[in-house]
Structure formats: structure tokens, C-alpha cells
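**Student:** Input final.txt, format and content: compact mmCIF, C-alpha atoms.
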# COMPACT_ATOMS: atom_id res chain seq x y z
CA MET A 1 0.00 0.00 0.00
CA ILE A 2 1.52 3.32 -1.07
CA SER A 3 0.95 6.22 1.30
CA ASP A 4 -0.57 9.50 0.06
CA ASP A 5 2.69 11.34 0.66
CA ALA A 6 4.65 8.79 -1.36
CA GLN A 7 2.10 9.02 -4.17
CA VAL A 8 2.34 12.84 -4.22
CA ALA A 9 6.14 12.63 -4.19
CA TYR A 10 6.02 10.13 -7.08
CA GLU A 11 3.70 12.34 -9.13
CA ASN A 12 5.86 15.44 -8.57
CA LEU A 13 9.10 13.66 -9.42
CA ALA A 14 7.61 11.93 -12.46
CA LEU A 15 6.33 15.31 -13.67
CA GLU A 16 9.76 16.85 -13.15
CA LEU A 17 11.35 14.00 -15.07
CA ARG A 18 8.99 14.44 -18.00
CA ARG A 19 9.49 18.20 -17.97
CA GLY A 20 13.21 17.61 -18.18
CA VAL A 21 12.90 15.72 -21.45
CA LEU A 22 10.19 17.93 -22.88
CA VAL A 23 12.45 20.43 -24.61
CA LEU A 24 14.44 17.69 -26.28
CA ALA A 25 11.26 15.91 -27.40
CA VAL A 26 9.84 19.13 -28.85
CA LEU A 27 13.06 20.05 -30.61
CA SER A 28 13.31 16.56 -32.09
CA GLN A 29 9.94 16.93 -33.80
CA LEU A 30 10.58 20.43 -35.10
CA ARG A 31 13.04 19.27 -37.71
CA ALA A 32 9.88 19.37 -39.81
CA GLU A 33 7.49 22.33 -39.68
CA GLN A 34 4.74 21.93 -37.11
CA TYR A 35 2.07 24.14 -35.63
CA GLY A 36 1.11 23.77 -31.99
CA TYR A 37 -1.77 21.35 -32.31
CA SER A 38 -0.06 19.12 -34.90
CA LEU A 39 3.05 18.97 -32.70
CA LYS A 40 0.94 17.89 -29.75
CA GLN A 41 -0.60 15.12 -31.81
CA VAL A 42 2.79 13.92 -33.03
CA LEU A 43 4.10 13.79 -29.47
CA ASP A 44 0.91 12.08 -28.25
CA GLY A 45 1.31 9.56 -31.07
CA HIS A 46 4.76 8.70 -29.73
CA GLY A 47 3.35 8.25 -26.23
CA LEU A 48 4.49 11.57 -24.80
CA GLU A 49 1.31 13.26 -23.66
CA ILE A 50 1.84 16.90 -22.91
CA ASN A 51 -0.54 19.55 -21.71
CA GLU A 52 -1.19 22.17 -24.37
CA GLY A 53 -0.95 24.90 -21.77
CA THR A 54 2.65 23.84 -21.27
CA LEU A 55 3.55 23.12 -24.88
CA TYR A 56 2.43 26.33 -26.55
CA PRO A 57 4.23 28.75 -24.21
CA LEU A 58 7.31 26.51 -24.52
CA LEU A 59 7.33 27.03 -28.29
CA ARG A 60 7.34 30.79 -27.75
CA ARG A 61 10.16 30.57 -25.24
CA LEU A 62 12.28 28.43 -27.57
CA GLU A 63 11.65 30.92 -30.32
CA GLY A 64 12.63 33.72 -27.94
CA GLN A 65 15.88 31.86 -27.25
CA GLY A 66 16.69 31.99 -30.96
CA LEU A 67 16.30 28.25 -31.63
CA LEU A 68 13.13 28.31 -33.71
CA GLU A 69 11.70 30.23 -36.63
CA SER A 70 7.99 30.74 -36.99
CA ASP A 71 5.50 32.09 -39.45
CA TRP A 72 1.76 32.38 -39.94
CA ARG A 73 0.52 30.22 -42.82
CA VAL A 74 -2.90 29.79 -44.30
CA ALA A 75 -3.47 26.52 -46.12
CA GLU A 76 -6.48 26.36 -48.42
CA GLY A 77 -9.72 25.81 -46.53
CA THR A 78 -8.11 26.08 -43.08
CA ARG A 79 -7.66 28.80 -40.52
CA PRO A 80 -4.33 30.64 -40.11
CA ARG A 81 -1.78 28.59 -38.17
CA ARG A 82 1.53 29.56 -36.73
CA TYR A 83 4.19 27.08 -37.86
CA TYR A 84 7.47 26.51 -36.05
CA TRP A 85 10.69 24.86 -37.21
CA LEU A 86 14.29 24.58 -36.06
CA ASN A 87 16.76 27.12 -37.38
CA ALA A 88 20.48 26.40 -37.76
CA ASP A 89 21.21 27.10 -34.09
CA GLY A 90 18.29 24.90 -33.06
CA ILE A 91 19.54 22.01 -35.23
CA ALA A 92 23.06 22.32 -33.76
CA LEU A 93 21.66 22.39 -30.25
CA LEU A 94 19.43 19.39 -30.91
CA ARG A 95 22.45 17.37 -32.10
CA ARG A 96 24.43 18.21 -28.99
CA LEU A 97 21.52 17.48 -26.69
CA ALA A 98 20.86 14.19 -28.46
CA VAL A 99 24.47 13.10 -27.87
CA GLU A 100 24.08 14.09 -24.21
CA TRP A 101 20.83 12.18 -24.00
CA HIS A 102 22.30 8.97 -25.45
CA GLU A 103 25.22 9.12 -23.05
CA LEU A 104 22.95 9.82 -20.13
CA GLY A 105 20.57 7.05 -21.20
CA SER A 106 23.40 4.57 -21.30
CA VAL A 107 24.58 5.63 -17.82
CA MET A 108 21.06 5.45 -16.42
CA ASP A 109 20.45 2.01 -17.96
CA ASP A 110 23.60 0.87 -16.28
CA LEU A 111 22.61 2.39 -12.94
CA LEU A 112 19.06 1.06 -13.07
CA GLN A 113 19.92 -2.51 -14.01
CA GLY A 114 17.32 -4.79 -12.49
CA VAL A 115 15.20 -1.92 -11.16
CA GLY A 116 11.55 -1.52 -12.24
CA LYS A 117 11.49 -4.56 -14.52
CA MET B 1 -22.58 30.79 -23.28
CA ASN B 2 -21.76 29.55 -26.76
CA PRO B 3 -18.35 27.89 -27.38
CA ARG B 4 -17.06 30.74 -29.52
CA GLU B 5 -17.74 33.33 -26.83
CA MET B 6 -16.11 31.16 -24.17
CA ILE B 7 -12.93 30.79 -26.23
CA ASP B 8 -12.92 34.53 -26.97
CA ARG B 9 -13.27 35.36 -23.30
CA TYR B 10 -10.53 32.89 -22.40
CA THR B 11 -7.99 34.13 -24.96
CA HIS B 12 -8.82 37.73 -24.04
CA GLU B 13 -8.17 36.97 -20.36
CA VAL B 14 -4.84 35.31 -21.14
CA ALA B 15 -3.75 38.09 -23.50
CA ARG B 16 -4.75 40.82 -21.05
CA GLN B 17 -1.99 39.62 -18.71
CA LEU B 18 0.73 39.58 -21.37
CA PRO B 19 3.11 42.31 -22.54
CA ALA B 20 1.50 44.49 -25.21
CA LYS B 21 3.99 43.61 -27.95
CA SER B 22 3.15 39.90 -27.98
CA ARG B 23 -0.48 40.14 -26.82
CA ASP B 24 -2.33 40.07 -30.15
CA ASP B 25 -0.10 37.47 -31.72
CA ILE B 26 -0.41 35.03 -28.82
CA ARG B 27 -4.13 35.60 -28.62
CA GLN B 28 -4.55 34.83 -32.30
CA GLU B 29 -2.43 31.69 -32.02
CA LEU B 30 -4.27 30.46 -28.93
CA ASP B 31 -7.58 31.07 -30.62
CA SER B 32 -6.51 29.06 -33.65
CA LEU B 33 -5.17 26.17 -31.55
CA LEU B 34 -8.15 25.99 -29.19
CA THR B 35 -10.64 26.15 -32.04
CA GLU B 36 -8.89 23.32 -33.85
CA ALA B 37 -8.68 21.21 -30.68
CA LEU B 38 -12.38 21.79 -30.08
CA GLU B 39 -13.28 20.79 -33.63
CA GLN B 40 -11.25 17.60 -33.34
CA GLN B 41 -12.95 16.72 -30.07
CA ALA B 42 -16.38 17.40 -31.53
CA GLU B 43 -15.58 15.23 -34.53
CA LYS B 44 -14.47 12.38 -32.28
CA ALA B 45 -17.60 12.74 -30.17
CA GLY B 46 -19.77 12.91 -33.28
CA GLN B 47 -21.59 16.04 -32.15
CA GLU B 48 -21.46 19.81 -32.47
CA PRO B 49 -19.16 21.61 -30.02
CA ASP B 50 -21.12 22.73 -26.96
CA GLU B 51 -20.45 24.67 -23.79
CA ALA B 52 -19.58 21.60 -21.71
CA MET B 53 -17.05 20.46 -24.30
CA VAL B 54 -15.26 23.79 -24.52
CA ALA B 55 -15.33 24.20 -20.73
CA ALA B 56 -13.63 20.80 -20.34
CA LEU B 57 -11.05 21.75 -22.97
CA LEU B 58 -10.20 25.04 -21.25
CA GLN B 59 -10.09 23.38 -17.83
CA GLU B 60 -7.56 20.92 -19.20
CA PHE B 61 -5.61 23.76 -20.77
CA GLY B 62 -5.18 25.70 -17.51
CA SER B 63 -6.41 28.91 -15.92
CA PRO B 64 -5.74 32.15 -17.82
CA ARG B 65 -3.41 33.31 -15.06
CA GLU B 66 -1.44 30.08 -15.19
CA ILE B 67 -1.11 30.17 -18.98
CA SER B 68 -0.15 33.85 -19.14
CA SER B 69 2.50 33.28 -16.47
CA ARG B 70 3.95 30.44 -18.56
CA TYR B 71 4.16 32.75 -21.55
CA ARG B 72 5.80 35.47 -19.50
CA GLY B 73 8.33 33.23 -17.74
CA GLU B 74 9.66 34.09 -14.25
CA GLU B 75 9.26 37.67 -13.11
CA TYR B 76 10.67 39.45 -10.08
CA LEU B 77 10.15 42.83 -8.54
CA ILE B 78 13.56 42.44 -6.91
CA GLY B 79 15.47 39.40 -8.16
CA PRO B 80 17.78 37.01 -6.30
CA ALA B 81 20.92 38.93 -7.33
CA LEU B 82 19.87 42.15 -5.60
CA PHE B 83 17.73 40.77 -2.80
CA PRO B 84 20.48 40.34 -0.13
CA THR B 85 21.62 43.96 -0.66
CA PHE B 86 18.02 45.12 -0.62
CA LYS B 87 17.43 43.36 2.70
CA THR B 88 20.47 45.00 4.31
CA VAL B 89 19.69 48.48 2.96
CA ALA B 90 16.00 48.20 3.89
CA THR B 91 16.86 47.12 7.44
CA ILE B 92 19.28 50.03 7.92
CA VAL B 93 16.98 52.65 6.40
CA VAL B 94 13.88 51.54 8.28
CA SER B 95 15.81 51.26 11.58
CA VAL B 96 17.29 54.75 11.22
CA VAL B 97 13.93 56.28 10.28
CA VAL B 98 12.20 54.59 13.22
CA ALA B 99 15.05 55.55 15.57
CA ILE B 100 14.83 59.23 14.58
CA GLN B 101 11.05 59.23 14.95
CA LEU B 102 11.27 57.52 18.33
CA PHE B 103 13.81 60.07 19.46
CA ILE B 104 11.61 62.96 18.38
CA PHE B 105 8.68 61.27 20.10
CA ALA B 106 10.71 60.78 23.30
CA ALA B 107 12.08 64.34 23.23
CA THR B 108 8.60 65.80 22.73
CA ALA B 109 7.25 63.63 25.53
CA LEU B 110 10.00 64.67 27.93
CA PHE B 111 10.46 68.33 27.08
CA GLY B 112 7.46 69.41 25.01
CA ASN B 113 4.53 71.32 26.35
CA ALA B 114 1.90 69.20 24.63
CA SER B 115 -0.47 67.31 26.87
CA TRP B 116 -0.57 63.62 26.00
CA THR B 117 -3.79 61.73 25.55
CA PRO B 118 -4.15 58.11 24.47
CA LEU B 119 -5.31 59.40 21.07
CA SER B 120 -2.30 61.68 20.54
CA VAL B 121 0.09 58.91 21.62
CA GLY B 122 -1.67 56.54 19.20
CA GLU B 123 -1.39 59.10 16.41
CA SER B 124 2.32 59.57 17.06
CA LEU B 125 2.93 55.81 17.03
CA ALA B 126 0.86 55.46 13.84
CA GLY B 127 3.05 58.19 12.34
CA ILE B 128 6.16 56.17 13.21
CA VAL B 129 4.69 53.05 11.60
CA SER B 130 3.67 54.94 8.47
CA SER B 131 7.15 56.51 8.13
CA ALA B 132 8.66 53.02 8.43
CA ILE B 133 6.34 51.71 5.70
CA GLY B 134 6.95 54.80 3.56
CA SER B 135 10.73 54.49 3.82
CA LEU B 136 10.52 50.77 3.03
CA MET B 137 8.45 51.55 -0.07
CA ILE B 138 11.04 54.04 -1.27
CA VAL B 139 13.80 51.43 -0.89
CA VAL B 140 11.65 48.86 -2.73
CA LEU B 141 11.05 51.36 -5.53
CA ILE B 142 14.76 52.14 -5.89
CA PHE B 143 15.68 48.45 -6.00
CA ALA B 144 12.86 47.65 -8.43
CA VAL B 145 14.36 50.28 -10.76
CA LEU B 146 17.89 48.93 -10.19
CA GLU B 147 16.60 45.43 -10.99
CA ARG B 148 15.57 46.63 -14.40
CA LEU B 149 18.97 48.15 -15.22
CA PRO B 150 21.14 45.90 -17.39
CA GLY B 151 23.74 43.84 -15.54
CA ASN B 152 21.88 43.41 -12.27
CA GLN B 153 20.31 40.03 -13.05
CA VAL B 154 21.93 36.72 -12.12
CA PRO B 155 23.59 35.50 -15.31
CA GLU B 156 22.72 32.01 -16.59
CA LYS B 157 26.34 31.00 -16.13
CA GLU B 158 28.32 33.01 -13.62
CA THR B 159 32.11 33.21 -13.74
CA TRP B 160 33.57 32.46 -10.33
CA HIS B 161 36.42 30.58 -8.70
CA PRO B 162 36.29 28.39 -5.60
CA ARG B 163 39.22 30.36 -4.21
CA SER B 164 37.01 33.42 -4.06
CA LEU B 165 34.70 31.73 -1.54
CA PRO B 166 34.59 33.76 1.69
CA PRO B 167 35.78 32.04 4.87
CA ILE B 168 33.13 30.67 7.21
CA LYS B 169 32.62 33.08 10.06
CA ASP B 170 32.55 31.65 13.55
CA PRO B 171 29.90 33.77 15.26
CA ASN B 172 31.63 33.28 18.61
CA ARG B 173 35.12 34.21 17.47
CA ILE B 174 36.43 37.28 19.30
CA LYS B 175 38.22 40.25 17.78
CA PRO B 176 41.09 40.79 20.25
CA VAL B 177 42.11 44.23 18.97
CA GLU B 178 38.57 45.52 19.21
CA LEU B 179 38.18 44.11 22.72
CA ALA B 180 41.54 45.50 23.83
CA LEU B 181 40.59 48.96 22.60
CA GLY B 182 37.28 48.49 24.41
CA ILE B 183 39.26 48.08 27.63
CA VAL B 184 41.85 50.81 27.06
CA PHE B 185 39.44 53.64 26.24
CA PRO B 186 37.04 53.17 29.18
CA LEU B 187 40.05 52.83 31.49
CA LEU B 188 41.48 56.09 30.18
CA ALA B 189 38.09 57.74 30.61
CA ILE B 190 37.78 56.52 34.20
CA ILE B 191 41.25 57.85 35.06
CA LEU B 192 40.79 61.19 33.31
CA PHE B 193 37.31 61.99 34.58
CA ASN B 194 38.05 60.92 38.16
CA ARG B 195 41.62 62.16 38.47
CA PHE B 196 41.35 65.34 36.38
CA PRO B 197 37.66 66.34 36.33
CA TYR B 198 38.69 70.03 36.04
CA TRP B 199 40.04 69.31 32.56
CA PHE B 200 36.46 68.94 31.37
CA VAL B 201 34.26 70.52 34.04
CA ASP B 202 33.89 74.21 34.68
CA MET B 203 35.29 74.11 38.23
CA GLU B 204 38.20 75.37 40.22
CA ALA B 205 41.44 73.67 39.23
CA PRO B 206 43.99 72.69 41.92
CA PRO B 207 47.18 74.77 42.08
CA GLY B 208 49.21 74.14 38.91
CA GLY B 209 46.29 72.31 37.21
CA TYR B 210 45.22 73.25 33.68
CA GLN B 211 41.74 73.38 32.25
CA PHE B 212 41.63 72.03 28.71
CA PHE B 213 38.06 71.43 27.56
CA ALA B 214 36.17 72.71 30.56
CA LEU B 215 32.87 73.03 28.75
CA LEU B 216 30.88 70.79 31.09
CA ASP B 217 28.64 72.17 33.78
CA ARG B 218 29.47 71.59 37.46
CA ASN B 219 26.34 69.45 37.60
CA PHE B 220 28.17 66.93 35.39
CA LEU B 221 30.24 65.91 38.43
CA SER B 222 27.16 64.08 39.72
CA PHE B 223 27.19 61.91 36.57
CA ILE B 224 30.81 60.82 36.87
CA PRO B 225 30.15 57.97 39.37
CA TRP B 226 27.48 56.60 37.02
CA LEU B 227 29.79 56.81 34.04
CA THR B 228 32.62 55.24 36.03
CA ALA B 229 30.39 52.32 36.96
CA ALA B 230 29.33 51.80 33.32
CA TRP B 231 32.94 51.96 32.05
CA ALA B 232 34.13 49.63 34.83
CA LEU B 233 31.47 47.06 33.88
CA GLU B 234 32.60 47.25 30.24
CA ILE B 235 36.21 46.68 31.29
CA VAL B 236 35.31 43.68 33.45
CA LEU B 237 33.16 42.10 30.74
CA ARG B 238 35.73 42.57 27.96
CA SER B 239 38.50 41.23 30.19
CA ILE B 240 36.45 38.08 30.83
CA ILE B 241 35.77 37.63 27.10
CA LEU B 242 39.46 38.11 26.27
CA ALA B 243 40.41 35.58 28.94
CA GLN B 244 37.90 33.02 27.66
CA GLY B 245 39.02 33.54 24.06
CA HIS B 246 35.50 33.31 22.61
CA TRP B 247 31.96 34.51 23.08
CA ASN B 248 29.41 32.32 24.83
CA LEU B 249 25.83 32.66 26.04
CA GLY B 250 26.92 34.06 29.41
CA THR B 251 29.13 36.80 27.98
CA ARG B 252 26.54 37.71 25.37
CA ILE B 253 23.89 38.14 28.06
CA GLY B 254 26.49 40.05 30.10
CA GLU B 255 27.04 42.34 27.12
CA PHE B 256 23.30 42.90 26.87
CA LEU B 257 23.09 43.81 30.58
CA VAL B 258 26.09 46.15 30.34
CA GLU B 259 24.45 47.84 27.36
CA LEU B 260 21.23 48.20 29.33
CA PHE B 261 23.11 49.76 32.21
CA GLY B 262 24.85 52.12 29.77
CA LEU B 263 21.45 53.12 28.43
CA TYR B 264 20.23 53.79 31.96
CA VAL B 265 23.26 56.00 32.60
CA GLY B 266 22.51 57.80 29.32
CA TYR B 267 18.96 58.32 30.55
CA VAL B 268 20.20 59.66 33.91
CA ILE B 269 22.41 62.21 32.12
CA PHE B 270 19.71 63.04 29.57
CA THR B 271 17.19 63.88 32.28
CA GLY B 272 19.51 64.98 35.07
CA GLY B 273 20.03 68.73 34.80
CA PRO B 274 22.53 70.81 32.82
CA ILE B 275 25.37 69.02 31.04
CA THR B 276 27.18 72.11 29.82
CA PHE B 277 26.82 75.70 30.94
CA ASN B 278 26.13 76.88 27.38
CA THR B 279 22.41 76.48 26.64
CA GLY B 280 22.81 75.97 22.88
CA LEU B 281 25.60 73.46 23.33
CA ASP B 282 23.62 71.74 26.08
CA MET B 283 20.72 71.22 23.71
CA LEU B 284 23.07 69.86 21.05
CA VAL B 285 24.77 67.44 23.47
CA ARG B 286 21.39 66.32 24.80
CA PHE B 287 20.22 65.71 21.23
CA GLY B 288 23.34 63.60 20.64
CA ILE B 289 22.72 61.60 23.81
CA GLY B 290 19.09 61.08 22.79
CA ILE B 291 20.14 59.63 19.44
CA ALA B 292 22.77 57.48 21.19
CA ILE B 293 20.06 56.12 23.52
CA VAL B 294 17.80 55.16 20.61
CA VAL B 295 20.67 53.58 18.65
CA GLY B 296 21.82 51.87 21.87
CA LEU B 297 18.32 50.44 22.38
CA ILE B 298 18.35 48.95 18.89
CA SER B 299 21.86 47.62 19.46
CA ALA B 300 20.79 46.06 22.78
CA VAL B 301 17.91 44.28 21.04
CA PHE B 302 20.35 42.93 18.42
CA THR B 303 22.73 41.83 21.19
CA LEU B 304 19.95 39.96 22.94
CA GLY B 305 18.86 38.36 19.65
CA LYS B 306 22.45 37.30 18.98
CA ALA B 307 22.72 35.85 22.48
CA LEU B 308 19.57 33.78 22.06
CA LEU B 309 20.04 32.74 18.43
CA THR B 310 23.78 32.01 18.21
CA ARG B 311 24.19 28.32 18.77
CA SER B 312 27.29 26.75 17.21
CA THR B 313 30.62 27.49 18.77
CA GLU B 314 32.62 26.47 15.72
CA PRO B 315 32.05 26.22 11.99
CA GLU B 316 30.02 23.25 10.81
CA ALA B 317 32.84 22.18 8.51
CA THR B 318 35.20 21.82 11.49
CA ILE B 319 32.70 19.65 13.34
CA ARG B 320 32.14 17.50 10.27
CA SER B 321 35.84 17.01 9.61
CA ARG B 322 36.23 15.88 13.17
CA LEU B 323 33.41 13.37 12.77
CA ILE B 324 35.05 11.94 9.65
Could you rewrite the structure in this file as C-alpha cells?
**Tutor:**
Amino acid sequence: MISDDAQVAYENLALELRRGVLVLAVLSQLRAEQYGYSLKQVLDGHGLEINEGTLYPLLRRLEGQGLLESDWRVAEGTRPRRYYWLNADGIALLRRLAVEWHELGSVMDDLLQGVGK
Amino acid sequence: MNPREMIDRYTHEVARQLPAKSRDDIRQELDSLLTEALEQQAEKAGQEPDEAMVAALLQEFGSPREISSRYRGEEYLIGPALFPTFKTVATIVVSVVVAIQLFIFAATALFGNASWTPLSVGESLAGIVSSAIGSLMIVVLIFAVLERLPGNQVPEKETWHPRSLPPIKDPNRIKPVELALGIVFPLLAIILFNRFPYWFVDMEAPPGGYQFFALLDRNFLSFIPWLTAAWALEIVLRSIILAQGHWNLGTRIGEFLVELFGLYVGYVIFTGGPITFNTGLDMLVRFGIGIAIVVGLISAVFTLGKALLTRSTEPEATIRSRLI
């Protein structure tokens, strides 16, 4: 039986963990142009469910950090949508973060051998 | 409320809390995203979007305040880089303002002609509180402006070196030079005022004696035993601290009591007849003593706080290294 405190601690830590990987996940899917809702669906499709209220401000912040480009587009028969994609700095950063992630993943696999399986 | 109106109200509420330059753009984007999400949900549900559906969508999205704060990022009135300085400056400014007000209040009470009623005392105290709040607000305003000047924010990556770390201060470590001076000066004062009072007091000098600064009134002679007692207590206390080599609870409480006695002596002089024979100078000296009493009171409170709050006798690192 898990106590309420332990459950709250788990939920907070799990949320923190997911937040930590969020930027990398978002950047990885912006190698192709995406607008907010399509990006959410792509991430959902991969099993990473993310609250829209978190995702959309994050896109703006990444753009503010000079990693993304964005533009309003109107496809035929649809409403205007703001599309985002990685610029050169964003692509370089994604590569570096991906290397970091693979190294970290390997270390964590090693550390967590036999845990949670 | 129809779904369109609810979305409009929501995006308006979010945008209202955003900086003007990005307000319209974010509102338009949010509107587009929410409308699309709603349409998708309606399609899945096989029905037209209704109020319940849009309400659930917005609930899931987050409150307007929450969303606008995510768009804005972290905001500070006074950020972490300036806050420690702000705290020190605010404490000093507010203490000085309150001290001056208290002094004026005390001086008026002792020497003024006004008759005091509970209401007038209450008004005076309310005035002191409002000056304290006013002065604090001015300090906050100054630091809020400083916060917005370039270079005052904590950089993402700060350049520093471990060697620049300040040493850990042992709160109970003594400063021998300071203590020694604190013994020498009171001792000199005791000798001078008791052996050569005519140097300072307007009185008849013994044959061959000179009068150097004889600006004090004869009445001051009655204060000399009080002053001598206060100085003697200081000497005894500081000698004990020097001998022990560190502060402890006993000596800190002793310091507090000596300060209290000093304040009492100050009060005796302040209220005890002429200090100098010159009326103007007398008023000036009395004003100085009044300020010293107020500052001394604040200092005594700090001393007592230090006595009660200071616990460790050596730095934590030393204790830990001993444990290892």
C-alpha cells in the first residue's frame, strides 16, 4: 500500500522528469514544420502526452531563445496557423543534446539494471 | 454561453496579462489552436461543439493566469541577485527612520509642552509606523528600478572561482584588537574623569592644574560615578571575554546587561540637569545623547537576539571534519 505522501512525491518527481525531457522531445519533432496542435498530436502519437498549456508557451520561449523560426501560414480551406521549425542554431543544439541524451541514457540504464522490470 | 464566446473570453483573459507587444499574436495563435482542438474533439464525439465540451477543454488547458504566467516566464520585482543587498539596505533605512522618529517622540514627551492623551500617543505611534512603511516603499522602488537596469540580473552562467569563496565566520570568534581597545578607552576615561575632572568641568582647578576642555557644567560631576560604573562594567566584561578567548551565552547576556546599564546612565544624564553651561551646546549634546540612547536600544535588542540565536561554537565544517 503506497501512502498518500509517497504518491504525491512520485507524481511530482515523475512530472519533473517528464518536464526535463520535454524540450528535447519538442526540438526533435521540429526538424519538420509543425504548428502547436499538430506537434501535440505527433508527441501524443509517440506516447508523450503533454498539456497544451505547457507546450504552446514553450514554443514561444524556444523561439525567444533563438532556436526556432515561426510564421503564420494559411493553407487552403483552413484557418491561419503559426508554424514553427528549427533554425540552424536549433539544429546544432538538438544534435548536442541528443548526444548528451544517449550518453545519459546509457549511464542510467547501467545504474538502473534490475530496477523496475 | 456559446463555445465561440467562451474561447474569446478565455484568450482575451490570457492576452490581457501579457506584454503588449506579444499580446495580439499570442491571442490569435491560442484562438486558432483551441478552435482546432475543439473541432477535433467534436468530430471524435460525433456532435457539435457545446459549452460543456469547450469548458472541459479550457479546464484541461489551464487557468488564464497560469497560462499567461507560462508565456511570460519568471518575473521578479527584486530578483535574487539584488535581494540580499536590498534586505540590508531596507533594514538600515527603516531602523534609522524609526530611531529618529522615536527620538523625536521621546524628546517631545520629555520636554514638550503638549499634553498627552491616548489618542495623541496613538497618532504619534501610527506616524512612526507609516514613516517606516513609507521608507521601506522608497527602498523597494529604488531596487525595483535597479533590478531593471542591465547587468543586475543573475547571469545564466556566472564566472567564479572556488578560491574566491569567503571564509566561514565563527559567530563566537572574538576580535582581540577591538576588545583591547574596548578596555583601554574606558580605562582612560575613568582615570581622566576621576583624576582630572577640572580638565572637562567648569570648576576650580587645583594649584598648577590646567583646564583644557572645561565646557561641562558643574552638575556633570554628579554623573561621573554613574559613568565610572558603566565603564568599569565594560572593562570587566571585555577582560572576561578576552580571557575566555571566545563569546558564549553568558558573555553575550552580560554584554546585553552592560548595554542596558549604559542606556540607563545615558537616561540619567539626559534627564539629570545641565550638562554644559552653554544652553545651545547643552541642547546639542542632549540631542546627541538622545540619538545614542535610541541607537543603543536597537543595538541592545540585536545583542539579545544574537545571544539567544547564536548556537554553534565552531564552523560546521570543522565539526564534520572531526566526525570523519
**Student:** Between atom CA of Lys117 of chain A and atom CA of Ala14 of chain A, what is the distance in Å, rounded to a tenth?
**Tutor:**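 Separation between atom CA of Lys117 of chain A and atom CA of Ala14 of chain A: 17.1 Å.
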**Student:** Can you build me a table of chain B residues sitting at most 9 Å from chain A, with the closest atom pair per residue and its distance in Å to one decimal, using only C-alpha atoms, sorted by chain and residue number, as CSV?
**Tutor:**
residue,atom,partner,partner_atom,distance
B:Ile26,CA,A:Arg60,CA,8.9
B:Gln28,CA,A:Pro80,CA,8.9
B:Glu29,CA,A:Arg82,CA,6.5
B:Leu30,CA,A:Tyr56,CA,8.2
B:Ser32,CA,A:Arg81,CA,6.6
B:Leu33,CA,A:Tyr37,CA,5.9
B:Leu34,CA,A:Tyr37,CA,8.5
B:Glu36,CA,A:Tyr37,CA,7.5
B:Ala37,CA,A:Tyr37,CA,7.1
B:Glu60,CA,A:Asn51,CA,7.6
B:Phe61,CA,A:Gly53,CA,4.9
B:Gly62,CA,A:Gly53,CA,6.1
B:Ser63,CA,A:Gly53,CA,9.0
B:Glu66,CA,A:Gly53,CA,8.4
B:Ile67,CA,A:Gly53,CA,6.0
B:Ser68,CA,A:Pro57,CA,8.4
B:Arg70,CA,A:Pro57,CA,5.9
B:Tyr71,CA,A:Pro57,CA,4.8
B:Arg72,CA,A:Pro57,CA,8.4
B:Gly73,CA,A:Arg61,CA,8.2
**Student:** Have a look at A:His102, A:Leu39, A:Gly47, A:Val107 and name the one nearest to Arg18 of chain A; count only C-alpha atoms.
**Tutor:** A:Gly47
**Student:** Using all atoms listed in the file, find the one residue out of A:Ala9, A:Ile50, A:Ala88, A:Leu94 that sits nearest to Gly66 of chain A.
**Tutor:** A:Ala88
**Student:** One decimal, in Å: what's the spacing between atom CA of Val265 of chain B and atom CA of Ile224 of chain B?
**Tutor:**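 Value for the atom CA of Val265 of chain B-atom CA of Ile224 of chain B distance: 9.9 Å.
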**Student:** Got a sec: who's within 12 Å of Ile142 of chain B, counting all atoms listed in the file, leaving out chain neighbours fewer than 5 positions off, as a ChimeraX atom specification?
**Tutor:** /B:77-78,82,85-86,89-90,135-137,147-149
**Student:** Rounded to one decimal, what separation in Å do you get between atom CA of Gly134 of chain B and atom CA of Gly79 of chain B?
**Tutor:**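 It comes out at 21.1 Å.
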**Student:** I'd like the contact shell of segment 128-133 of chain B - 10 Å cut-off, only C-alpha atoms, skipping same-chain residues fewer than 5 positions apart - returned as a list in words.
**Tutor:**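 The residues that qualify are Ala90, Val93, Val94, Ser95, Val96, Val97, Val98, Ala99, Ile100, Gln101, Leu102, Phe105, Gly122, Glu123, Ile138 and Val139 of chain B.
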**Student:** Show which residues sit within 12 Å of Leu188 of chain B, as a list in words. Count all atoms listed in the file, and ignore same-chain residues fewer than 6 positions away.
**Tutor:** Leu181, Gly182, Asn194, Arg195, Phe196, Thr228, Trp231, Ala232 and Ile235 of chain B
**Student:** For the selection just defined, write its residues with C-alpha atoms to a file, as a PDB file, in the frame of the given file.
**Tutor:**
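Saved to result.pdb:
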ATOM      1  CA  LEU B 181      40.590  48.960  22.600  1.00  0.00           C
ATOM      2  CA  GLY B 182      37.280  48.490  24.410  1.00  0.00           C
ATOM      3  CA  ASN B 194      38.050  60.920  38.160  1.00  0.00           C
ATOM      4  CA  ARG B 195      41.620  62.160  38.470  1.00  0.00           C
ATOM      5  CA  PHE B 196      41.350  65.340  36.380  1.00  0.00           C
ATOM      6  CA  THR B 228      32.620  55.240  36.030  1.00  0.00           C
ATOM      7  CA  TRP B 231      32.940  51.960  32.050  1.00  0.00           C
ATOM      8  CA  ALA B 232      34.130  49.630  34.830  1.00  0.00           C
ATOM      9  CA  ILE B 235      36.210  46.680  31.290  1.00  0.00           C
TER      10      ILE B 235
END
**Student:** Give me, as a list of chain:residue names, all polymer residues having an atom no more than 12 Å from Glu69 of chain A, counting only C-alpha atoms and skipping those fewer than 4 positions away in the same chain.
**Tutor:**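 Contacts, with the query itself left out: A:Leu27, A:Leu30, A:Arg31, A:Ala32, A:Glu33, A:Gln34, A:Tyr35, A:Leu59, A:Arg60, A:Arg61, A:Leu62, A:Glu63, A:Gly64, A:Gln65, A:Arg82, A:Tyr83, A:Tyr84, A:Trp85, A:Leu86, A:Asn87, A:Ala88, A:Asp89, A:Gly90, A:Ile91.
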**Student:** Just segment 38-54 of chain B, please, as a short mmCIF file (atom, residue, chain, number, x, y, z; two decimals), in the first residue's frame (only C-alpha atoms).
**Tutor:**
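Okay, result.cif is ready:
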data_model
loop_
_atom_site.label_atom_id
_atom_site.label_comp_id
_atom_site.auth_asym_id
_atom_site.auth_seq_id
_atom_site.Cartn_x
_atom_site.Cartn_y
_atom_site.Cartn_z
CA LEU B 38 -12.38 21.79 -30.08
CA GLU B 39 -13.28 20.79 -33.63
CA GLN B 40 -11.25 17.60 -33.34
CA GLN B 41 -12.95 16.72 -30.07
CA ALA B 42 -16.38 17.40 -31.53
CA GLU B 43 -15.58 15.23 -34.53
CA LYS B 44 -14.47 12.38 -32.28
CA ALA B 45 -17.60 12.74 -30.17
CA GLY B 46 -19.77 12.91 -33.28
CA GLN B 47 -21.59 16.04 -32.15
CA GLU B 48 -21.46 19.81 -32.47
CA PRO B 49 -19.16 21.61 -30.02
CA ASP B 50 -21.12 22.73 -26.96
CA GLU B 51 -20.45 24.67 -23.79
CA ALA B 52 -19.58 21.60 -21.71
CA MET B 53 -17.05 20.46 -24.30
CA VAL B 54 -15.26 23.79 -24.52
#
